[in-house]
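Source file: start_7.txt; contents: compact mmCIF, C-alpha atoms.
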# COMPACT_ATOMS: atom_id res chain seq x y z
CA MET A 1 138.12 100.89 89.42
CA VAL A 2 135.75 97.99 88.76
CA ASP A 3 137.08 94.65 89.99
CA ALA A 4 135.89 91.27 91.21
CA HIS A 5 134.70 92.84 94.48
CA THR A 6 132.57 95.60 92.92
CA SER A 7 128.96 95.51 94.10
CA LEU A 8 126.18 96.18 91.61
CA TYR A 9 123.03 98.29 91.88
CA GLY A 10 120.65 99.38 89.15
CA PHE A 11 117.52 100.94 87.76
CA ILE A 12 114.74 99.05 85.97
CA ALA A 13 112.21 100.86 83.81
CA LYS A 14 110.92 101.19 80.26
CA PRO A 15 112.38 103.49 79.02
CA ALA A 16 115.42 103.75 81.30
CA ARG A 17 118.12 105.42 79.21
CA HIS A 18 116.98 108.95 80.11
CA SER A 19 117.41 108.36 83.84
CA LEU A 20 119.70 110.51 85.99
CA SER A 21 119.87 107.76 88.61
CA PRO A 22 123.21 106.32 87.37
CA LEU A 23 124.74 109.80 87.59
CA ILE A 24 123.31 110.31 91.10
CA HIS A 25 124.44 107.01 92.57
CA ASN A 26 127.76 106.67 90.78
CA THR A 27 128.67 110.22 91.88
CA SER A 28 127.83 109.16 95.42
CA PHE A 29 129.86 105.94 95.25
CA GLN A 30 132.88 107.78 93.86
CA THR A 31 132.65 110.62 96.39
CA LEU A 32 132.47 108.20 99.33
CA GLY A 33 135.06 105.80 97.90
CA LEU A 34 132.68 102.85 97.71
CA ASN A 35 133.54 99.98 95.37
CA SER A 36 130.12 99.93 93.72
CA VAL A 37 128.53 100.72 90.38
CA TYR A 38 124.96 101.58 89.34
CA LEU A 39 123.57 100.78 85.88
CA ALA A 40 120.31 101.47 84.03
CA PHE A 41 118.43 98.45 82.68
CA ASP A 42 115.87 99.12 79.96
CA VAL A 43 113.63 96.08 80.44
CA GLU A 44 110.90 94.94 78.07
CA GLN A 45 107.56 93.93 79.56
CA SER A 46 108.04 90.33 78.38
CA GLN A 47 111.36 90.09 80.25
CA PHE A 48 110.36 91.88 83.46
CA LYS A 49 109.72 88.79 85.60
CA THR A 50 113.03 87.26 84.53
CA ALA A 51 114.84 90.53 85.27
CA VAL A 52 113.49 90.65 88.84
CA GLN A 53 114.29 86.99 89.46
CA SER A 54 117.85 87.63 88.30
CA LEU A 55 118.38 89.96 91.26
CA ARG A 56 118.62 86.93 93.51
CA ALA A 57 120.84 84.95 91.17
CA LEU A 58 123.52 87.53 90.31
CA PRO A 59 123.16 89.06 92.99
CA ILE A 60 122.35 92.73 92.51
CA LEU A 61 122.24 94.31 95.96
CA GLY A 62 119.53 96.84 95.20
CA ILE A 63 117.52 98.45 92.44
CA ASN A 64 115.30 101.39 91.81
CA VAL A 65 112.09 100.83 89.87
CA SER A 66 110.19 103.32 87.75
CA MET A 67 107.32 103.32 85.29
CA PRO A 68 105.69 101.14 84.23
CA TYR A 69 106.83 98.62 86.86
CA LYS A 70 106.30 100.29 90.28
CA GLN A 71 103.15 98.27 90.92
CA GLN A 72 103.87 95.21 88.83
CA ILE A 73 107.05 94.37 90.74
CA ILE A 74 105.16 93.79 94.00
CA GLU A 75 104.06 90.24 93.15
CA PHE A 76 107.70 89.16 92.71
CA LEU A 77 108.94 90.51 96.06
CA ASP A 78 109.16 88.74 99.42
CA GLU A 79 108.26 91.66 101.66
CA LEU A 80 106.92 95.23 101.54
CA THR A 81 107.53 98.05 103.98
CA PRO A 82 104.37 99.57 105.48
CA VAL A 83 104.65 102.65 103.23
CA ALA A 84 105.06 100.58 100.06
CA LYS A 85 102.14 98.40 101.08
CA GLN A 86 99.89 101.40 101.68
CA LEU A 87 100.86 103.07 98.42
CA GLY A 88 100.71 99.85 96.45
CA ALA A 89 103.90 100.95 94.70
CA VAL A 90 107.64 100.36 95.03
CA ASN A 91 110.55 102.47 93.83
CA THR A 92 113.31 100.77 95.85
CA VAL A 93 114.22 97.11 96.28
CA ILE A 94 116.73 95.93 98.86
CA ASN A 95 118.25 92.49 98.27
CA GLN A 96 118.90 90.94 101.67
CA GLU A 97 120.80 87.80 100.64
CA GLY A 98 118.06 86.77 98.21
CA HIS A 99 115.16 88.15 100.28
CA LEU A 100 113.73 91.04 98.24
CA VAL A 101 112.19 93.91 100.23
CA GLY A 102 110.16 96.59 98.42
CA ASP A 103 110.05 100.15 99.72
CA SER A 104 109.01 103.61 98.53
CA THR A 105 111.17 106.68 99.13
CA ASP A 106 109.31 109.13 96.86
CA GLY A 107 107.18 110.70 99.58
CA GLU A 108 109.98 111.09 102.10
CA GLY A 109 112.07 112.57 99.30
CA PHE A 110 109.50 115.32 98.88
CA ILE A 111 109.35 115.99 102.62
CA HIS A 112 113.14 116.23 102.87
CA ALA A 113 113.21 118.58 99.87
CA LEU A 114 110.70 120.84 101.65
CA ARG A 115 112.79 120.73 104.82
CA ASP A 116 115.80 121.85 102.82
CA GLU A 117 113.71 124.94 102.02
CA GLN A 118 112.78 125.34 105.73
CA ILE A 119 109.18 124.32 105.07
CA ASN A 120 107.29 122.26 107.67
CA VAL A 121 103.80 121.14 106.56
CA LYS A 122 102.47 120.19 109.99
CA GLY A 123 99.14 121.93 110.44
CA LYS A 124 99.44 123.52 106.98
CA GLN A 125 97.11 123.42 103.96
CA VAL A 126 98.63 121.44 101.07
CA ALA A 127 97.05 121.27 97.60
CA VAL A 128 98.20 118.46 95.31
CA LEU A 129 97.54 118.56 91.57
CA GLY A 130 97.29 115.00 90.27
CA ALA A 131 96.97 111.63 91.98
CA GLY A 132 99.26 109.36 89.99
CA GLY A 133 102.21 107.50 91.50
CA ALA A 134 104.17 110.60 92.47
CA GLY A 135 101.00 112.33 93.61
CA ARG A 136 99.96 109.52 95.94
CA ALA A 137 103.44 109.40 97.48
CA VAL A 138 103.30 113.16 98.14
CA ILE A 139 99.75 112.90 99.53
CA LEU A 140 100.62 110.13 101.98
CA ALA A 141 103.86 111.74 103.11
CA THR A 142 102.37 115.18 103.70
CA VAL A 143 99.32 113.89 105.56
CA ASN A 144 101.62 111.73 107.72
CA GLU A 145 103.52 114.93 108.53
CA GLY A 146 100.31 116.48 109.84
CA ALA A 147 99.10 118.47 106.84
CA GLU A 148 95.53 119.03 105.66
CA VAL A 149 95.64 117.78 102.05
CA THR A 150 93.33 118.61 99.16
CA VAL A 151 93.85 116.56 96.01
CA PHE A 152 92.66 117.53 92.55
CA LYS A 153 92.13 114.57 90.22
CA ARG A 154 90.63 114.27 86.77
CA GLN A 155 87.03 113.11 86.96
CA ASN A 156 87.45 109.96 84.88
CA SER A 157 86.57 106.28 85.41
CA THR A 158 89.05 105.91 88.30
CA PHE A 159 87.91 109.00 90.22
CA ASN A 160 85.48 107.38 92.68
CA GLU A 161 87.70 104.40 93.42
CA LEU A 162 90.77 106.55 94.04
CA GLN A 163 88.77 109.06 96.07
CA GLN A 164 87.66 106.28 98.41
CA ARG A 165 91.17 104.88 98.67
CA LEU A 166 92.85 108.20 99.45
CA THR A 167 90.26 109.38 101.94
CA SER A 168 90.54 106.03 103.76
CA TRP A 169 94.14 106.97 104.62
CA SER A 170 93.09 109.96 106.72
CA ASP A 171 90.17 112.26 107.44
CA ARG A 172 92.58 115.09 106.59
CA ILE A 173 92.50 114.15 102.89
CA ARG A 174 89.81 115.24 100.46
CA VAL A 175 89.69 114.59 96.73
CA LEU A 176 88.01 117.07 94.39
CA PRO A 177 87.44 117.15 90.62
CA TYR A 178 90.27 118.75 88.67
CA GLU A 179 87.72 120.28 86.33
CA ASP A 180 86.05 122.42 89.02
CA GLU A 181 88.14 125.57 88.56
CA VAL A 182 86.05 127.69 90.92
CA GLN A 183 86.74 125.31 93.78
CA MET A 184 90.35 124.88 92.71
CA ALA A 185 90.91 128.63 92.76
CA ALA A 186 89.42 128.93 96.25
CA ILE A 187 91.57 126.08 97.60
CA LEU A 188 94.80 127.22 95.94
CA GLN A 189 94.35 130.76 97.24
CA GLU A 190 94.29 129.49 100.84
CA ALA A 191 96.98 126.80 100.46
CA ASP A 192 100.36 127.10 102.15
CA VAL A 193 101.95 124.65 99.72
CA VAL A 194 100.81 123.85 96.16
CA VAL A 195 102.36 120.82 94.43
CA ASN A 196 102.13 119.80 90.79
CA THR A 197 102.59 116.06 90.38
CA THR A 198 101.20 115.85 86.84
CA ASN A 199 103.51 115.65 83.81
CA LEU A 200 102.24 118.96 82.39
CA GLY A 201 105.27 121.16 81.76
CA MET A 202 107.76 118.33 81.35
CA ALA A 203 110.53 118.63 78.74
CA ASP A 204 109.27 120.86 75.90
CA ASP A 205 105.66 120.88 77.09
CA LYS A 206 104.72 124.54 77.59
CA ARG A 207 101.41 123.79 79.32
CA SER A 208 100.63 124.60 82.93
CA PRO A 209 98.61 122.28 85.19
CA VAL A 210 96.25 125.15 86.02
CA SER A 211 94.48 127.74 83.87
CA PRO A 212 95.50 131.43 83.80
CA PRO A 213 92.51 132.53 85.93
CA VAL A 214 93.43 130.02 88.63
CA MET A 215 97.11 131.01 88.49
CA LYS A 216 96.14 134.57 89.39
CA VAL A 217 95.02 133.55 92.90
CA LEU A 218 98.55 132.48 93.87
CA HIS A 219 100.44 135.00 95.97
CA SER A 220 103.48 135.70 98.12
CA GLY A 221 103.80 133.62 101.24
CA GLN A 222 103.02 130.41 99.38
CA MET A 223 105.42 127.64 98.36
CA VAL A 224 104.69 126.28 94.87
CA ALA A 225 106.47 123.05 94.04
CA ASP A 226 106.74 120.91 90.92
CA ALA A 227 107.75 117.24 90.85
CA ILE A 228 109.28 117.88 87.41
CA TYR A 229 113.05 118.55 87.29
CA ALA A 230 113.58 118.86 83.53
CA PRO A 231 113.26 121.70 82.81
CA LEU A 232 114.45 123.10 86.12
CA GLU A 233 111.84 125.83 85.81
CA THR A 234 108.53 124.70 84.32
CA PRO A 235 105.98 127.20 82.96
CA PHE A 236 103.99 126.58 86.15
CA LEU A 237 106.90 127.58 88.38
CA ALA A 238 107.79 130.57 86.21
CA GLN A 239 104.21 131.86 86.46
CA ALA A 240 104.08 131.21 90.21
CA LYS A 241 107.29 133.17 90.67
CA GLN A 242 105.71 136.10 88.82
CA GLN A 243 102.86 135.93 91.34
CA GLY A 244 105.38 136.37 94.16
CA CYS A 245 105.45 132.73 95.32
CA ARG A 246 108.48 130.84 96.51
CA THR A 247 109.13 127.97 94.11
CA MET A 248 110.80 124.57 94.26
CA ASN A 249 111.49 122.32 91.28
CA GLY A 250 111.65 118.54 91.36
CA LEU A 251 115.44 118.31 91.64
CA GLY A 252 115.37 118.22 95.44
CA MET A 253 112.74 115.48 95.50
CA LEU A 254 114.66 113.48 92.88
CA VAL A 255 117.90 113.62 94.86
CA GLN A 256 116.28 113.05 98.25
CA GLN A 257 114.30 109.99 97.15
CA ALA A 258 117.54 108.62 95.70
CA ALA A 259 119.26 109.41 99.01
CA GLY A 260 116.65 107.29 100.78
CA SER A 261 117.41 104.34 98.51
CA PHE A 262 121.16 104.88 98.87
CA ASN A 263 120.93 104.86 102.66
CA ARG A 264 118.87 101.66 102.72
CA TRP A 265 121.43 99.91 100.53
CA THR A 266 124.70 101.22 101.97
CA HIS A 267 123.70 102.57 105.42
CA GLN A 268 125.56 105.75 104.48
CA GLN A 269 124.40 109.28 103.79
CA MET A 270 124.39 110.45 100.19
CA PRO A 271 126.66 113.46 99.49
CA ILE A 272 123.69 115.63 98.48
CA ASP A 273 125.59 118.78 97.44
CA LYS A 274 127.99 116.85 95.18
CA VAL A 275 125.07 115.05 93.54
CA LYS A 276 123.10 118.26 92.93
CA ASP A 277 126.16 119.88 91.35
CA ALA A 278 126.63 116.89 89.03
CA ILE A 279 122.97 116.91 87.98
CA THR A 280 122.91 120.66 87.36
CA GLN A 281 126.02 120.39 85.17
CA GLN A 282 124.46 117.50 83.25
CA LEU A 283 121.18 119.34 82.67
CA GLU A 284 123.00 122.50 81.58
CA HIS A 285 125.15 120.46 79.18
CA THR A 286 122.04 118.75 77.75
CA LYS A 287 120.43 122.12 76.98
CA LYS A 288 123.40 123.19 74.81

Write the structure described by the file as structure tokens, please.
Amino acid sequence: MVDAHTSLYGFIAKPARHSLSPLIHNTSFQTLGLNSVYLAFDVEQSQFKTAVQSLRALPILGINVSMPYKQQIIEFLDELTPVAKQLGAVNTVINQEGHLVGDSTDGEGFIHALRDEQINVKGKQVAVLGAGGAGRAVILATVNEGAEVTVFKRQNSTFNELQQRLTSWSDRIRVLPYEDEVQMAAILQEADVVVNTTNLGMADDKRSPVSPPVMKVLHSGQMVADAIYAPLETPFLAQAKQQGCRTMNGLGMLVQQAAGSFNRWTHQQMPIDKVKDAITQQLEHTKK
């Protein structure tokens, strides 16, 4: 029941209408009996600054931020957490009586999703495919957990700059060209955890982030994860399963990063199982 005491949270992106975040957070509010509501705001680039400034005026107690605004929002915030500052990206904003604090929960979301699968990356070899926003969050989180991380990134105009930036975080990070399939095959064969953070395989995309010859080196005893949650099983995960690997889709990371935001806003724990059930039902319904 929405009334004059209902607190407001939201999601800002372009596009935003596809987001499962309203389902996640509103399910959580309802389950815990909190008088709160979460809405998706599809914000045009020309209106972005005004939208962020409105957080203080309304006030909206917290928002999530997604593409293309995760970096752009930083200049309009009052404070960044150490993780957000290091990543140079924000996915969560906490409104502390008009003082806007930017944080990032993507990386911790991935770590918590692995823990749900009884995977600890300390001292393990982790291979990350892609070095975009999600990739960098996974890289930082896994290296902070004690992993040895090898990143494969396209050798384009940003390669050298990003290589220097990532390797400055830790001497346990190395960045290699995505195009070097011989090296990729050797690294993936020895990895304990392989993570796809590219968008290859999303929605109706039937492509895999690695070629068939490289896929053949994967084997039982490895965990192969995908940051993608729609579809729940990407071509990459389906092929990895055929190779005998354990697999994990992006649903756990999605829910756990949302749980991090939810906890920062409400100081309560998200009802994870209820949320996962709601998402699974929604995704199954969408397929029909």

### Message
So the first atom is CA of Gln125 (chain A) and the second is CA of Ala191 (chain A); what is the distance between them in Å, to one decimal place?
### Response
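Distance between the two atoms: 4.9 Å.
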
### Message
Using all atoms listed in the file, which protein or nucleic acid residues come within 8 Å of region 264-267 of chain A? Drop anything in the same chain fewer than 2 positions from it, and give the result as a PyMOL selection string.
### Response
chain A and resi 61-62+94+260-262+269

### Which residue of A:Val182, A:Leu114, A:Ile24, A:Ile74 approaches Gly88 (chain A) most closely, using only C-alpha atoms
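Of A:Val182, A:Leu114, A:Ile24, A:Ile74, the one nearest Gly88 (chain A) is A:Ile74, counting only C-alpha atoms.
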
### Message
One decimal, in Å: what's the spacing between CA of Lys122 (chain A) and CA of Ala147 (chain A)?
### Response
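One can read the CA of Lys122 (chain A) to CA of Ala147 (chain A) distance as 4.9 Å.
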
### Query
Using only C-alpha atoms, which of A:Ser104, A:Leu77, A:Gln96, A:Glu148 sits nearest Val121 (chain A)?
A:Glu148

#### Entry: Nearest to Thr105 (chain A), chosen from A:Gly201, A:Gly133, A:Gly33, A:Gly10, with only C-alpha atoms counted in the distances
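Distance minimum relative to Thr105 (chain A) lands on A:Gly133.
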
### Query
At what distance in Å, to one decimal, does CA of Leu254 (chain A) lie from CA of Leu237 (chain A)?
16.7 Å

### Task
Determine, counting only C-alpha atoms, which protein, DNA and RNA residues have an atom within 12 Å of an atom of Phe76 (chain A); residues of the same chain fewer than 4 positions away are not included. Present the result as a ChimeraX atom specification.
/A:48-56,69-72,80,90,93,98-102

### Task
Identify, on the basis of all atoms listed in the file, every residue whose closest approach to Glu190 (chain A) does not exceed 12 Å; exclude the query and any residue fewer than 2 positions from it along the same chain; express the result as a count of residues only.
23

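Take the candidates A:Met248, A:Val83, A:Ala227, A:Met270 and check each one against Gln30 (chain A) using only C-alpha atoms; the shortest distance goes to A:Met270.
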
### Message
as a ChimeraX atom specification, please: the residues near Thr280 (chain A) (cut-off 10 Å, only C-alpha atoms, same-chain neighbours under 5 positions excluded).
### Response
/A:232,251,275,285-286

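The closest residue to Ala258 (chain A), picked from A:Lys153, A:Lys85, A:Lys276, A:Lys216 and counting all atoms listed in the file, is A:Lys276.
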
### Message
Please return as a ChimeraX atom specification every residue within 12 Å of (129.1, 98.2, 97.3), taking into account all atoms listed in the file and the file's own coordinates.
### Response
/A:2-10,25-26,28-30,32-38,59-62,262-263,265-268

### Task
Write out as a count of residues only which residues come within 6 Å of Val65 (chain A) when counting only C-alpha atoms, dropping same-chain ones fewer than 3 positions away.
4
